[in-house]
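For reference, the structure discussed in these notes is given below.
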Amino acid sequence: MKSVLKISVFLLLIGVWVGCEGDYRQKARGSFGEVVVIMDSTQFESETADALRETFGGWIQTIPGKPPLFDLRFQDFKTNQQLDQLKRYRNLIVAAPITDSTNTADLIRALLSDEIERQVREGESFAFPLKDHWYRDQWLMLLSGESDSALARQIRNSKKTLTDNLVDKEIQRYTQEIYNRGEQVALADSIWQTEGWRMRIQHDWIKNIDTTYSANGQEQHFMTMRRPLPENDRWFWLWWKEVDNANDIDEDWINTQRDSLNEQWIRGSREDSYVTTAYKRPHETEQFSYNGDLAFETLGVWTMTNDAMAGPFVNLTVFDEESQRLFMLEFAQFAPKYSKRRFVRQFRAMIRTFKSDSTWQKEQGNMASQE
């Protein structure tokens with residue numbers, strides 16, 4: 001392992017992020033949601049290993065069944081041939097204290113420059129993501145610290161940053177996979193022309209409700225689409241209206257508005273049954289900037305009133321300040337026999353293809369609809 005050439009700081013931190021356009025190497029293999037952890041077998045029960053299980057393998061509270069964030073598989077290698085096999089996986093973590101004498105530590109030192117190795121030894125840095133390093137579409141994270149306990153502490157202290165990095169990569173992959181199967185471009189273009197927003201629509205989703213109505217003396221819009229299958233029912237809805245500002249929008253407002261819209265439009269088969277938030281289960285709302293607009297993503301579990309039904313939902317609320325329109329989008333699913341983690345990530349991928357036309361004016365839609 002010592003004979004492997006070290007790459008420069010420039011290549012490590014910048015060059016590895018070059019896109020794969022023109023990259024004809026084989027794609028990395030492995031399942032969505034699987035992470036192979038390369039670590040010496042003597043450290044499988046170490047503090048670092050426990051921190052990795054807690055961080056990358058912790059339970060997702062906002063999905064029914066509480067699946068792990070990722071499925072971790074710990075692997076050691078004794079020969080270059082074994083290492084070559086591990087290098088082919090889609091999601092890889094290579095973890096070891098920088099001072100160890102194991103093959104894994106040798107590999108990390110071979111991939112780090114002298115300057116970065118110094119930073120690791122002095123506790124200044126510990127995590128180094130590499131994109132498409134050995135194969136295309138590969139996510140590789142090097143983790144190293146001055147000791148086992150120090151590295152474990154750094155991993156736990158950076159849990160959200162580390163896991164968000166990989167979740168974002170998985171969402172990018174799902175985006176590509178979903179629409180490679182086909183999409184309804186004509187429908188998306190029509191909505192863009194008549195309504196001033198668009199979202200990439202899978203080939204087999206069916207538009208149901210599409211209405212404009214008045215509530216509290218104001219014009220509002222609501223649209224639903226569905227992908228009905230006998231044991232895997234998935235639906236999407238989008239609501240929007242004109243607003244002056246987003247000052248009142250917070251987590252409570254979003255959940256109240258979601259519940260109101262679900263009660264009105266997403267009804268069950270029984271009388272007085274409708275979708276609502278399962279408030280006894282954890283739900284999370286995160287604020288962020290989305291295409292320059294203020295946005296909130298809410299993840300959680302819905303339940304059906306007066307019926308024994310529940311499932312996950314993904315909600316995106318976006319305020320387009322330029323066109324002064326507030327949008328709320330939601331994907332949800334009822335599929336008792338299926339693991340739902342991958343579907344939630346697919347929903348998060350699809351909902352992120354939403355785009356509002358910030359130059360939109362109501363007259364544009366009226367003219368487009370008359371053509």
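All residue names refer to the structure tokens as shown: chains lettered A, B, ... in order, residues numbered from 1 in each chain, ligands numbered from 1 in order.
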Contacts of stretch 294-304 of chain A at 6 Å (only C-alpha atoms; same-chain gap of 2+ positions) as a PDB file with N, CA, C and O atoms, in the first residue's frame:
ATOM      1  N   THR A  62     -39.138   9.765  10.411  1.00  0.00           N
ATOM      2  CA  THR A  62     -40.239  10.345   9.638  1.00  0.00           C
ATOM      3  C   THR A  62     -40.791   9.402   8.566  1.00  0.00           C
ATOM      4  O   THR A  62     -41.584   9.824   7.719  1.00  0.00           O
ATOM      5  N   TYR A 274     -60.268  11.437   5.775  1.00  0.00           N
ATOM      6  CA  TYR A 274     -59.389  12.271   4.955  1.00  0.00           C
ATOM      7  C   TYR A 274     -57.965  12.179   5.530  1.00  0.00           C
ATOM      8  O   TYR A 274     -57.750  11.764   6.676  1.00  0.00           O
ATOM      9  N   VAL A 275     -57.003  12.582   4.716  1.00  0.00           N
ATOM     10  CA  VAL A 275     -55.591  12.534   5.110  1.00  0.00           C
ATOM     11  C   VAL A 275     -55.285  13.696   6.051  1.00  0.00           C
ATOM     12  O   VAL A 275     -55.709  14.831   5.816  1.00  0.00           O
ATOM     13  N   THR A 276     -54.528  13.409   7.091  1.00  0.00           N
ATOM     14  CA  THR A 276     -54.058  14.441   8.009  1.00  0.00           C
ATOM     15  C   THR A 276     -52.704  14.028   8.557  1.00  0.00           C
ATOM     16  O   THR A 276     -52.288  12.874   8.411  1.00  0.00           O
ATOM     17  N   THR A 277     -52.010  14.945   9.194  1.00  0.00           N
ATOM     18  CA  THR A 277     -50.676  14.662   9.730  1.00  0.00           C
ATOM     19  C   THR A 277     -50.769  13.783  10.972  1.00  0.00           C
ATOM     20  O   THR A 277     -51.602  14.012  11.848  1.00  0.00           O
ATOM     21  N   ALA A 278     -49.896  12.786  11.031  1.00  0.00           N
ATOM     22  CA  ALA A 278     -49.807  11.927  12.224  1.00  0.00           C
ATOM     23  C   ALA A 278     -48.902  12.622  13.235  1.00  0.00           C
ATOM     24  O   ALA A 278     -47.691  12.397  13.281  1.00  0.00           O
ATOM     25  N   HIS A 283     -42.095  14.700  12.876  1.00  0.00           N
ATOM     26  CA  HIS A 283     -42.088  15.315  11.557  1.00  0.00           C
ATOM     27  C   HIS A 283     -41.075  16.460  11.605  1.00  0.00           C
ATOM     28  O   HIS A 283     -40.855  17.074  12.642  1.00  0.00           O
ATOM     29  N   GLU A 284     -40.453  16.728  10.456  1.00  0.00           N
ATOM     30  CA  GLU A 284     -39.352  17.684  10.408  1.00  0.00           C
ATOM     31  C   GLU A 284     -39.583  18.701   9.300  1.00  0.00           C
ATOM     32  O   GLU A 284     -40.031  18.345   8.213  1.00  0.00           O
ATOM     33  N   THR A 285     -39.270  19.960   9.582  1.00  0.00           N
ATOM     34  CA  THR A 285     -39.328  21.020   8.580  1.00  0.00           C
ATOM     35  C   THR A 285     -37.990  21.739   8.553  1.00  0.00           C
ATOM     36  O   THR A 285     -37.477  22.145   9.597  1.00  0.00           O
ATOM     37  N   GLU A 286     -37.441  21.883   7.357  1.00  0.00           N
ATOM     38  CA  GLU A 286     -36.152  22.559   7.191  1.00  0.00           C
ATOM     39  C   GLU A 286     -36.303  23.708   6.203  1.00  0.00           C
ATOM     40  O   GLU A 286     -36.861  23.533   5.118  1.00  0.00           O
ATOM     41  N   GLN A 287     -35.812  24.877   6.576  1.00  0.00           N
ATOM     42  CA  GLN A 287     -35.861  26.050   5.702  1.00  0.00           C
ATOM     43  C   GLN A 287     -34.571  26.131   4.904  1.00  0.00           C
ATOM     44  O   GLN A 287     -33.480  25.879   5.420  1.00  0.00           O
ATOM     45  N   PHE A 288     -34.686  26.495   3.615  1.00  0.00           N
ATOM     46  CA  PHE A 288     -33.498  26.622   2.781  1.00  0.00           C
ATOM     47  C   PHE A 288     -33.821  27.506   1.579  1.00  0.00           C
ATOM     48  O   PHE A 288     -34.976  27.906   1.364  1.00  0.00           O
ATOM     49  N   SER A 289     -32.811  27.836   0.803  1.00  0.00           N
ATOM     50  CA  SER A 289     -32.988  28.609  -0.422  1.00  0.00           C
ATOM     51  C   SER A 289     -33.130  27.649  -1.587  1.00  0.00           C
ATOM     52  O   SER A 289     -32.306  26.744  -1.761  1.00  0.00           O
ATOM     53  N   TYR A 290     -34.178  27.857  -2.387  1.00  0.00           N
ATOM     54  CA  TYR A 290     -34.467  26.958  -3.508  1.00  0.00           C
ATOM     55  C   TYR A 290     -34.598  27.785  -4.784  1.00  0.00           C
ATOM     56  O   TYR A 290     -35.528  28.570  -4.925  1.00  0.00           O
ATOM     57  N   ASP A 307     -59.999   5.611   9.634  1.00  0.00           N
ATOM     58  CA  ASP A 307     -59.566   4.457   8.847  1.00  0.00           C
ATOM     59  C   ASP A 307     -58.160   4.079   9.292  1.00  0.00           C
ATOM     60  O   ASP A 307     -57.411   4.911   9.808  1.00  0.00           O
ATOM     61  N   MET A 309     -55.150   3.611   7.955  1.00  0.00           N
ATOM     62  CA  MET A 309     -54.236   3.820   6.843  1.00  0.00           C
ATOM     63  C   MET A 309     -53.214   4.883   7.239  1.00  0.00           C
ATOM     64  O   MET A 309     -53.529   5.813   7.998  1.00  0.00           O
ATOM     65  N   ALA A 310     -51.981   4.733   6.726  1.00  0.00           N
ATOM     66  CA  ALA A 310     -50.930   5.712   7.000  1.00  0.00           C
ATOM     67  C   ALA A 310     -49.813   5.531   5.974  1.00  0.00           C
ATOM     68  O   ALA A 310     -49.760   4.513   5.267  1.00  0.00           O
ATOM     69  N   GLY A 311     -48.949   6.513   5.904  1.00  0.00           N
ATOM     70  CA  GLY A 311     -47.834   6.434   4.976  1.00  0.00           C
ATOM     71  C   GLY A 311     -46.953   7.670   5.080  1.00  0.00           C
ATOM     72  O   GLY A 311     -47.267   8.611   5.821  1.00  0.00           O
ATOM     73  N   PRO A 312     -45.873   7.722   4.312  1.00  0.00           N
ATOM     74  CA  PRO A 312     -44.975   8.877   4.368  1.00  0.00           C
ATOM     75  C   PRO A 312     -45.420   9.997   3.438  1.00  0.00           C
ATOM     76  O   PRO A 312     -46.156   9.765   2.474  1.00  0.00           O
ATOM     77  N   PHE A 313     -45.001  11.215   3.746  1.00  0.00           N
ATOM     78  CA  PHE A 313     -45.220  12.333   2.832  1.00  0.00           C
ATOM     79  C   PHE A 313     -43.964  13.186   2.754  1.00  0.00           C
ATOM     80  O   PHE A 313     -43.134  13.208   3.668  1.00  0.00           O
ATOM     81  N   VAL A 314     -43.834  13.876   1.630  1.00  0.00           N
ATOM     82  CA  VAL A 314     -42.769  14.859   1.406  1.00  0.00           C
ATOM     83  C   VAL A 314     -43.441  16.124   0.914  1.00  0.00           C
ATOM     84  O   VAL A 314     -44.162  16.106  -0.085  1.00  0.00           O
ATOM     85  N   ASN A 315     -43.243  17.230   1.623  1.00  0.00           N
ATOM     86  CA  ASN A 315     -43.890  18.491   1.283  1.00  0.00           C
ATOM     87  C   ASN A 315     -42.839  19.560   1.006  1.00  0.00           C
ATOM     88  O   ASN A 315     -41.846  19.668   1.728  1.00  0.00           O
ATOM     89  N   LEU A 316     -43.065  20.338  -0.046  1.00  0.00           N
ATOM     90  CA  LEU A 316     -42.195  21.466  -0.375  1.00  0.00           C
ATOM     91  C   LEU A 316     -43.054  22.716  -0.480  1.00  0.00           C
ATOM     92  O   LEU A 316     -44.023  22.748  -1.253  1.00  0.00           O
ATOM     93  N   THR A 317     -42.725  23.734   0.300  1.00  0.00           N
ATOM     94  CA  THR A 317     -43.410  25.023   0.256  1.00  0.00           C
ATOM     95  C   THR A 317     -42.434  26.069  -0.262  1.00  0.00           C
ATOM     96  O   THR A 317     -41.334  26.202   0.280  1.00  0.00           O
ATOM     97  N   VAL A 318     -42.833  26.793  -1.315  1.00  0.00           N
ATOM     98  CA  VAL A 318     -41.933  27.741  -1.976  1.00  0.00           C
ATOM     99  C   VAL A 318     -42.635  29.080  -2.158  1.00  0.00           C
ATOM    100  O   VAL A 318     -43.774  29.131  -2.643  1.00  0.00           O
ATOM    101  N   PHE A 319     -41.942  30.163  -1.786  1.00  0.00           N
ATOM    102  CA  PHE A 319     -42.454  31.516  -2.021  1.00  0.00           C
ATOM    103  C   PHE A 319     -41.625  32.166  -3.116  1.00  0.00           C
ATOM    104  O   PHE A 319     -40.436  32.416  -2.936  1.00  0.00           O
TER     105      PHE A 319
END
Practice item. Give the helix (DSSP H, G or I) residues of stretch 85-134 of chain A, as assigned by DSSP on the backbone, as a VMD selection string. Key: chain A and resid 85 to 86 103 to 111 114 to 121
**Study point:** Spatial neighbours of A:Asp137, max dist 7 Å, only C-alpha atoms, sep filter under 4 positions, as a list in words
**Key:**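 That gives Lys27, Ala28, Arg90 and Asp132 of chain A.
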Check your understanding: Using only C-alpha atoms, which residues sit within 7 Å of stretch 94-109 of chain A once same-chain residues fewer than 2 positions away are excluded, as a list in words?
Key -> Met1, Lys2, Val37, Ile38, Met39, Asp40, Leu92, Leu111, Leu112, Glu117, Arg121, Met141, Leu142, Leu143, Ser144, Gly145, Glu146, Ser147, Asp148 and Leu151 of chain A
Output N, CA and C atoms for every residue in that selection, as a compact mmCIF listing (two decimals), in the first residue's frame.
# COMPACT_ATOMS: atom_id res chain seq x y z
N MET A 1 0.81 -1.20 0.00
CA MET A 1 0.00 0.00 0.00
C MET A 1 0.86 1.26 0.00
N LYS A 2 2.06 1.19 0.60
CA LYS A 2 2.92 2.36 0.70
C LYS A 2 3.37 2.84 -0.66
N VAL A 37 -18.46 0.12 4.21
CA VAL A 37 -17.48 0.77 5.08
C VAL A 37 -16.21 -0.06 5.06
N ILE A 38 -15.14 0.50 4.51
CA ILE A 38 -13.85 -0.18 4.50
C ILE A 38 -13.12 0.17 5.79
N MET A 39 -12.88 -0.85 6.60
CA MET A 39 -12.28 -0.66 7.92
C MET A 39 -11.60 -1.96 8.32
N ASP A 40 -10.53 -1.87 9.06
CA ASP A 40 -9.86 -3.08 9.53
C ASP A 40 -10.81 -3.86 10.44
N LEU A 92 -18.97 4.46 -0.68
CA LEU A 92 -17.85 3.92 0.09
C LEU A 92 -17.42 4.89 1.19
N LEU A 111 -3.78 8.33 -0.05
CA LEU A 111 -4.67 9.21 -0.79
C LEU A 111 -4.61 10.66 -0.33
N LEU A 112 -4.00 10.90 0.82
CA LEU A 112 -3.92 12.25 1.34
C LEU A 112 -2.55 12.87 1.06
N GLU A 117 -2.58 15.36 5.60
CA GLU A 117 -2.28 14.40 6.66
C GLU A 117 -1.88 15.12 7.94
N ARG A 121 -3.68 14.84 11.65
CA ARG A 121 -2.94 14.52 12.88
C ARG A 121 -3.13 15.59 13.95
N MET A 141 -16.05 8.67 0.77
CA MET A 141 -15.72 9.55 1.88
C MET A 141 -14.57 8.96 2.68
N LEU A 142 -13.46 9.70 2.78
CA LEU A 142 -12.35 9.31 3.64
C LEU A 142 -12.55 9.95 5.00
N LEU A 143 -12.46 9.16 6.06
CA LEU A 143 -12.61 9.65 7.43
C LEU A 143 -11.41 9.22 8.25
N SER A 144 -10.72 10.19 8.84
CA SER A 144 -9.54 9.85 9.62
C SER A 144 -9.33 10.91 10.70
N GLY A 145 -8.78 10.47 11.83
CA GLY A 145 -8.50 11.37 12.94
C GLY A 145 -7.24 10.94 13.66
N GLU A 146 -6.86 11.73 14.65
CA GLU A 146 -5.60 11.41 15.35
C GLU A 146 -5.73 10.19 16.24
N SER A 147 -6.96 9.77 16.57
CA SER A 147 -7.18 8.57 17.37
C SER A 147 -8.59 8.06 17.10
N ASP A 148 -8.86 6.85 17.58
CA ASP A 148 -10.19 6.26 17.40
C ASP A 148 -11.26 7.11 18.08
N LEU A 151 -11.78 10.52 16.27
CA LEU A 151 -12.50 10.38 15.01
C LEU A 151 -13.98 10.14 15.26
Check your understanding: Closest to A:Arg341 among A:Ile191, A:Ile209, A:Val167, A:Ile155, using only C-alpha atoms?
Key ->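 Result for the nearest residue to A:Arg341: A:Val167.
The interatomic distance for the pair atom CA of A:Trp235 and atom CA of A:Gly182 works out to 17.9 Å.
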Practice item. Return the single residue from A:Phe32, A:Phe70, A:Trp139, A:Trp360 that is closest to A:Tyr174, with distances computed using only C-alpha atoms. Key: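 Going through A:Phe32, A:Phe70, A:Trp139, A:Trp360 one by one, the smallest distance to A:Tyr174 is for A:Phe32.
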Exercise for review: Could you jot down the atom CA of A:Gln264 to atom CA of A:Leu329 separation for me, Å, one decimal place?
Suggested key: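 Separating atom CA of A:Gln264 from atom CA of A:Leu329 is a distance of 15.1 Å.
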Review point. Hey, what's within 8 Å of A:Ser358 if we count only C-alpha atoms and toss same-chain stuff fewer than 5 positions away? As a PyMOL selection string, please?
Key: chain A and resi 320-323
Written selection (N, CA and C atoms) as an mmCIF file, in the first residue's frame:
data_model
loop_
_atom_site.group_PDB
_atom_site.id
_atom_site.type_symbol
_atom_site.label_atom_id
_atom_site.label_comp_id
_atom_site.auth_asym_id
_atom_site.auth_seq_id
_atom_site.Cartn_x
_atom_site.Cartn_y
_atom_site.Cartn_z
ATOM 1 N N ASP A 320 -42.265 32.398 -4.271
ATOM 2 C CA ASP A 320 -41.625 33.094 -5.380
ATOM 3 C C ASP A 320 -41.893 34.588 -5.205
ATOM 4 N N GLU A 321 -40.906 35.291 -4.692
ATOM 5 C CA GLU A 321 -41.103 36.703 -4.359
ATOM 6 C C GLU A 321 -41.321 37.549 -5.605
ATOM 7 N N GLU A 322 -40.676 37.189 -6.714
ATOM 8 C CA GLU A 322 -40.786 37.991 -7.928
ATOM 9 C C GLU A 322 -42.217 37.981 -8.479
ATOM 10 N N SER A 323 -42.829 36.811 -8.546
ATOM 11 C CA SER A 323 -44.207 36.729 -9.051
ATOM 12 C C SER A 323 -45.232 36.805 -7.933
#
Point to revise | Distance criterion (only C-alpha atoms): nearest to A:Asp50 out of A:Ser149, A:Asp76, A:Arg325, A:Lys87 | key: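 When distances to A:Asp50 are compared using only C-alpha atoms, the smallest one comes from A:Ser149.
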